[in-house]
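Enquirer: Here you go, one structure.
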Amino acid sequence: PSHDNARVVRSFGFYCRAVFHSLLGFSTELLVVCLRQLGLREVDFWAHDFFAFCPSWTLMRNKVSYCDGPSVGSAQCDFCYFGNPRVKHVERMRDFFEIFMVNIVAPSEDTAERFRRMAGLVGYRLNGPRVVRHVRFNSLKMGRREFSGRRPRVAFLGHPVHHKGWSDFIKVFKSPLLSGKVDFYHLGAENTNLGRGLKFIKVNSAISGGLAMVD
């Protein structure tokens, strides 16, 4: 917002709170200007990905294998396409995390621990992370189900991309050891048209709701 817009917002006594799903695609320098105009000193940050630590927001070294977010200048970074730009990237992000109190909210203990560890490696000041899970599982008494009359089923849920495990799923699907012994399914919005042996079930949780995969 401009200085005038920020002044109008404050004059009405509105409560302002900044919540970031990810910093991917944002200029942190511009965000600093906007947030300061609104008088904000802290922001909430949802740990959706790892762009805060590397331009490779999935932490895939050379877009091929997972690197687990090593320290800047490590041997892994030396052999990675993103290693060189990561140096400046981390400097800019560190400035943002120093200027504001950033409250980290993570969807799992695993993500929280990764954020905590990588923040220590690059010198970010964080508040948290606090874990807020997507769902809470309750124990339910279910009736006995018989599976003797059908083959085992293996399904891939979601977008068929490498960093989500699609490549590994395809290796299992094409394994001659499982041919004719396992039924394979893909539940998602994009049909890969792999033909016989893989049944595609169109599911779009954005349209059908958060329980679309369950239903």
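By convention in this document, the chains of the structure tokens carry letters A, B, ... by their order, each chain's residues are numbered from 1, and ligands are numbered from 1 in the order they are shown.
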Mind listing the strand (DSSP E) residues of range 22-209 of chain A, per DSSP on the backbone, as a ChimeraX atom specification?
Expert: /A:42-46,60-61,65-66,101-106,127-131,153-157,183-188,198-202
Enquirer: Would you mind exporting N, CA and C atoms of the selected residues as a short mmCIF file (atom, residue, chain, number, x, y, z; two decimals), in the first residue's frame?
Expert:
```
data_model
loop_
_atom_site.label_atom_id
_atom_site.label_comp_id
_atom_site.auth_asym_id
_atom_site.auth_seq_id
_atom_site.Cartn_x
_atom_site.Cartn_y
_atom_site.Cartn_z
N GLU A 42 5.40 -7.76 13.55
CA GLU A 42 5.47 -9.22 13.49
C GLU A 42 4.53 -9.74 12.42
N VAL A 43 4.85 -10.90 11.87
CA VAL A 43 4.05 -11.52 10.82
C VAL A 43 3.91 -13.01 11.12
N ASP A 44 2.86 -13.60 10.58
CA ASP A 44 2.66 -15.05 10.69
C ASP A 44 3.08 -15.69 9.37
N PHE A 45 3.81 -16.79 9.48
CA PHE A 45 4.40 -17.42 8.29
C PHE A 45 4.07 -18.90 8.30
N TRP A 46 3.30 -19.33 7.29
CA TRP A 46 2.92 -20.74 7.17
C TRP A 46 4.03 -21.48 6.41
N MET A 60 15.23 -29.69 -3.84
CA MET A 60 15.68 -30.72 -4.78
C MET A 60 16.97 -30.23 -5.45
N ARG A 61 18.06 -30.91 -5.18
CA ARG A 61 19.34 -30.55 -5.77
C ARG A 61 19.29 -30.79 -7.28
N SER A 65 17.29 -34.70 -6.90
CA SER A 65 17.32 -35.44 -5.64
C SER A 65 17.22 -34.50 -4.44
N TYR A 66 16.61 -34.98 -3.37
CA TYR A 66 16.40 -34.18 -2.18
C TYR A 66 17.72 -33.95 -1.44
N MET A 101 9.40 -9.95 13.74
CA MET A 101 9.24 -11.17 14.51
C MET A 101 8.36 -12.09 13.68
N VAL A 102 8.93 -13.18 13.20
CA VAL A 102 8.22 -14.07 12.29
C VAL A 102 7.74 -15.30 13.07
N ASN A 103 6.41 -15.43 13.17
CA ASN A 103 5.81 -16.56 13.87
C ASN A 103 5.61 -17.71 12.88
N ILE A 104 6.38 -18.76 13.02
CA ILE A 104 6.32 -19.87 12.09
C ILE A 104 5.24 -20.87 12.53
N VAL A 105 4.38 -21.23 11.57
CA VAL A 105 3.35 -22.24 11.81
C VAL A 105 3.60 -23.38 10.83
N ALA A 106 3.78 -24.58 11.34
CA ALA A 106 4.10 -25.74 10.50
C ALA A 106 2.99 -26.77 10.55
N ASN A 127 10.27 -17.27 15.65
CA ASN A 127 9.43 -17.51 16.80
C ASN A 127 8.64 -18.79 16.51
N GLY A 128 8.98 -19.86 17.18
CA GLY A 128 8.36 -21.14 16.87
C GLY A 128 9.42 -22.11 16.36
N PRO A 129 9.01 -23.01 15.49
CA PRO A 129 7.69 -23.18 14.87
C PRO A 129 6.64 -23.79 15.81
N ARG A 130 5.39 -23.41 15.57
CA ARG A 130 4.25 -24.01 16.25
C ARG A 130 3.54 -24.93 15.27
N VAL A 131 3.22 -26.13 15.70
CA VAL A 131 2.62 -27.12 14.82
C VAL A 131 1.10 -27.03 14.86
N ARG A 153 -4.27 -53.13 -3.22
CA ARG A 153 -4.39 -51.88 -3.98
C ARG A 153 -3.33 -50.88 -3.53
N VAL A 154 -2.72 -50.23 -4.51
CA VAL A 154 -1.72 -49.19 -4.24
C VAL A 154 -2.15 -47.94 -5.00
N ALA A 155 -2.22 -46.81 -4.30
CA ALA A 155 -2.71 -45.58 -4.94
C ALA A 155 -1.75 -44.42 -4.72
N PHE A 156 -1.66 -43.56 -5.72
CA PHE A 156 -0.93 -42.30 -5.61
C PHE A 156 -1.96 -41.19 -5.52
N LEU A 157 -1.82 -40.31 -4.51
CA LEU A 157 -2.79 -39.24 -4.29
C LEU A 157 -2.17 -37.89 -4.63
N ASP A 183 -3.46 -53.96 -7.88
CA ASP A 183 -4.25 -52.97 -8.61
C ASP A 183 -3.73 -51.58 -8.26
N PHE A 184 -3.40 -50.80 -9.29
CA PHE A 184 -2.85 -49.46 -9.08
C PHE A 184 -3.88 -48.39 -9.42
N TYR A 185 -3.89 -47.33 -8.61
CA TYR A 185 -4.83 -46.22 -8.78
C TYR A 185 -4.08 -44.89 -8.68
N HIS A 186 -4.63 -43.91 -9.37
CA HIS A 186 -4.16 -42.54 -9.22
C HIS A 186 -5.38 -41.65 -8.98
N LEU A 187 -5.42 -41.00 -7.82
CA LEU A 187 -6.50 -40.08 -7.47
C LEU A 187 -5.97 -38.66 -7.57
N GLY A 188 -6.54 -37.88 -8.48
CA GLY A 188 -6.05 -36.51 -8.65
C GLY A 188 -6.85 -35.77 -9.70
N LEU A 198 -3.35 -48.92 -14.67
CA LEU A 198 -3.44 -47.80 -13.73
C LEU A 198 -4.79 -47.13 -13.91
N LYS A 199 -5.64 -47.26 -12.90
CA LYS A 199 -6.97 -46.66 -12.98
C LYS A 199 -6.93 -45.25 -12.42
N PHE A 200 -7.36 -44.29 -13.24
CA PHE A 200 -7.39 -42.89 -12.82
C PHE A 200 -8.79 -42.54 -12.31
N ILE A 201 -8.82 -41.92 -11.12
CA ILE A 201 -10.08 -41.43 -10.54
C ILE A 201 -9.95 -39.93 -10.35
N LYS A 202 -10.74 -39.17 -11.07
CA LYS A 202 -10.63 -37.71 -11.02
C LYS A 202 -11.14 -37.19 -9.67
#
```
Enquirer: Could you pull the residues within 10 Å of His159 in chain A, counting only C-alpha atoms, minus those fewer than 5 positions along the same chain, as JSON, numbers by chain?
Expert: {"A": [164, 165, 166, 186, 187, 188, 189, 190, 191, 192]}
Enquirer: I want to know what sits within 9 Å of Ala52 in chain A, based on only C-alpha atoms, with residues of the same chain fewer than 6 positions away left out; could you give that as a JSON list (two decimals) with N, CA and C atoms, in the first residue's frame?
Expert:
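Listed below is the output, around_26.json:
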```json
[["chain", "number", "residue", "atom", "x", "y", "z"],
["A", 22, "SER", "N", 3.63, -18.34, 1.67],
["A", 22, "SER", "CA", 4.96, -18.60, 1.13],
["A", 22, "SER", "C", 5.51, -17.28, 0.63],
["A", 23, "LEU", "N", 6.81, -17.14, 0.57],
["A", 23, "LEU", "CA", 7.43, -15.92, 0.04],
["A", 23, "LEU", "C", 7.81, -16.07, -1.42],
["A", 24, "LEU", "N", 7.48, -17.21, -2.02],
["A", 24, "LEU", "CA", 7.80, -17.45, -3.41],
["A", 24, "LEU", "C", 7.09, -16.42, -4.30],
["A", 89, "HIS", "N", 20.22, -15.12, -1.95],
["A", 89, "HIS", "CA", 18.83, -15.39, -1.56],
["A", 89, "HIS", "C", 18.72, -15.46, -0.03],
["A", 90, "VAL", "N", 19.62, -16.19, 0.60],
["A", 90, "VAL", "CA", 19.58, -16.33, 2.05],
["A", 90, "VAL", "C", 19.87, -15.00, 2.74],
["A", 93, "MET", "N", 16.61, -13.05, 2.67],
["A", 93, "MET", "CA", 15.64, -13.62, 3.58],
["A", 93, "MET", "C", 16.03, -13.36, 5.04],
["A", 94, "ARG", "N", 17.33, -13.42, 5.34],
["A", 94, "ARG", "CA", 17.79, -13.19, 6.70],
["A", 94, "ARG", "C", 17.45, -11.77, 7.15]]
```
Enquirer: I need the residues of chain A that end up classed as helix (DSSP H, G or I) by DSSP on the backbone, written out as a PyMOL selection string.
Expert: chain A and resi 3-11+28-37+75-78+83-99+109-122+162-164+166-173+205-208
Enquirer: At what distance in Å, to one decimal, does CA of Leu40 in chain A lie from CA of Thr58 in chain A?
Expert: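 So the two atoms, CA of Thr58 in chain A and CA of Leu40 in chain A, lie 29.2 Å apart.
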Enquirer: I'd like to know which of A:Ala75, A:Cys34, A:Val203, A:Ile99 is closest to Arg125 in chain A, using only C-alpha atoms.
Expert: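 With only C-alpha atoms as the atom set, the closest residue is A:Ile99.
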Enquirer: Using only C-alpha atoms, which of A:Val161, A:Cys54, A:Cys67, A:Leu35 sits nearest Pro85 in chain A?
Expert: A:Cys54
Enquirer: Just the residues within 12 Å of Cys77 in chain A, please, counting only C-alpha atoms, with nothing from its chain fewer than 3 positions along; format it as a ChimeraX atom specification.
Expert: /A:54-56,59-62,66-74,80-87
Enquirer: Those same residues, written as an mmCIF file, in the first residue's frame with C-alpha atoms?
Expert:
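After the write, part35.cif holds the following:
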```cif
data_model
loop_
_atom_site.group_PDB
_atom_site.id
_atom_site.type_symbol
_atom_site.label_atom_id
_atom_site.label_comp_id
_atom_site.auth_asym_id
_atom_site.auth_seq_id
_atom_site.Cartn_x
_atom_site.Cartn_y
_atom_site.Cartn_z
ATOM 1 C CA CYS A 54 16.675 -21.781 -0.991
ATOM 2 C CA PRO A 55 15.422 -20.771 -4.462
ATOM 3 C CA SER A 56 14.820 -24.509 -4.915
ATOM 4 C CA LEU A 59 15.028 -28.611 -1.694
ATOM 5 C CA MET A 60 15.676 -30.716 -4.777
ATOM 6 C CA ARG A 61 19.344 -30.549 -5.773
ATOM 7 C CA ASN A 62 19.454 -29.774 -9.498
ATOM 8 C CA TYR A 66 16.395 -34.176 -2.175
ATOM 9 C CA CYS A 67 19.251 -32.352 -0.396
ATOM 10 C CA ASP A 68 17.708 -31.768 3.071
ATOM 11 C CA GLY A 69 18.784 -28.114 3.175
ATOM 12 C CA PRO A 70 22.538 -28.108 3.977
ATOM 13 C CA SER A 71 24.491 -25.032 5.116
ATOM 14 C CA VAL A 72 25.163 -22.363 2.500
ATOM 15 C CA GLY A 73 28.427 -23.018 0.677
ATOM 16 C CA SER A 74 28.367 -26.743 1.400
ATOM 17 C CA CYS A 80 23.857 -27.634 -7.484
ATOM 18 C CA TYR A 81 22.354 -25.235 -10.015
ATOM 19 C CA PHE A 82 20.790 -23.290 -7.122
ATOM 20 C CA GLY A 83 23.951 -23.162 -4.987
ATOM 21 C CA ASN A 84 25.333 -19.867 -6.261
ATOM 22 C CA PRO A 85 22.072 -17.830 -6.242
ATOM 23 C CA ARG A 86 21.262 -19.315 -2.827
ATOM 24 C CA VAL A 87 23.962 -17.188 -1.175
#
```
Enquirer: CA of Asp168 in chain A and CA of Trp57 in chain A, how far apart in Å?
Expert: 20.1 Å
Enquirer: Counting only C-alpha atoms, which of A:Val32, A:Ala47, A:Val19, A:Val182 gets nearest to Thr111 in chain A?
Expert: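 Looking at the shortest contact to Thr111 in chain A, the residue is A:Ala47.
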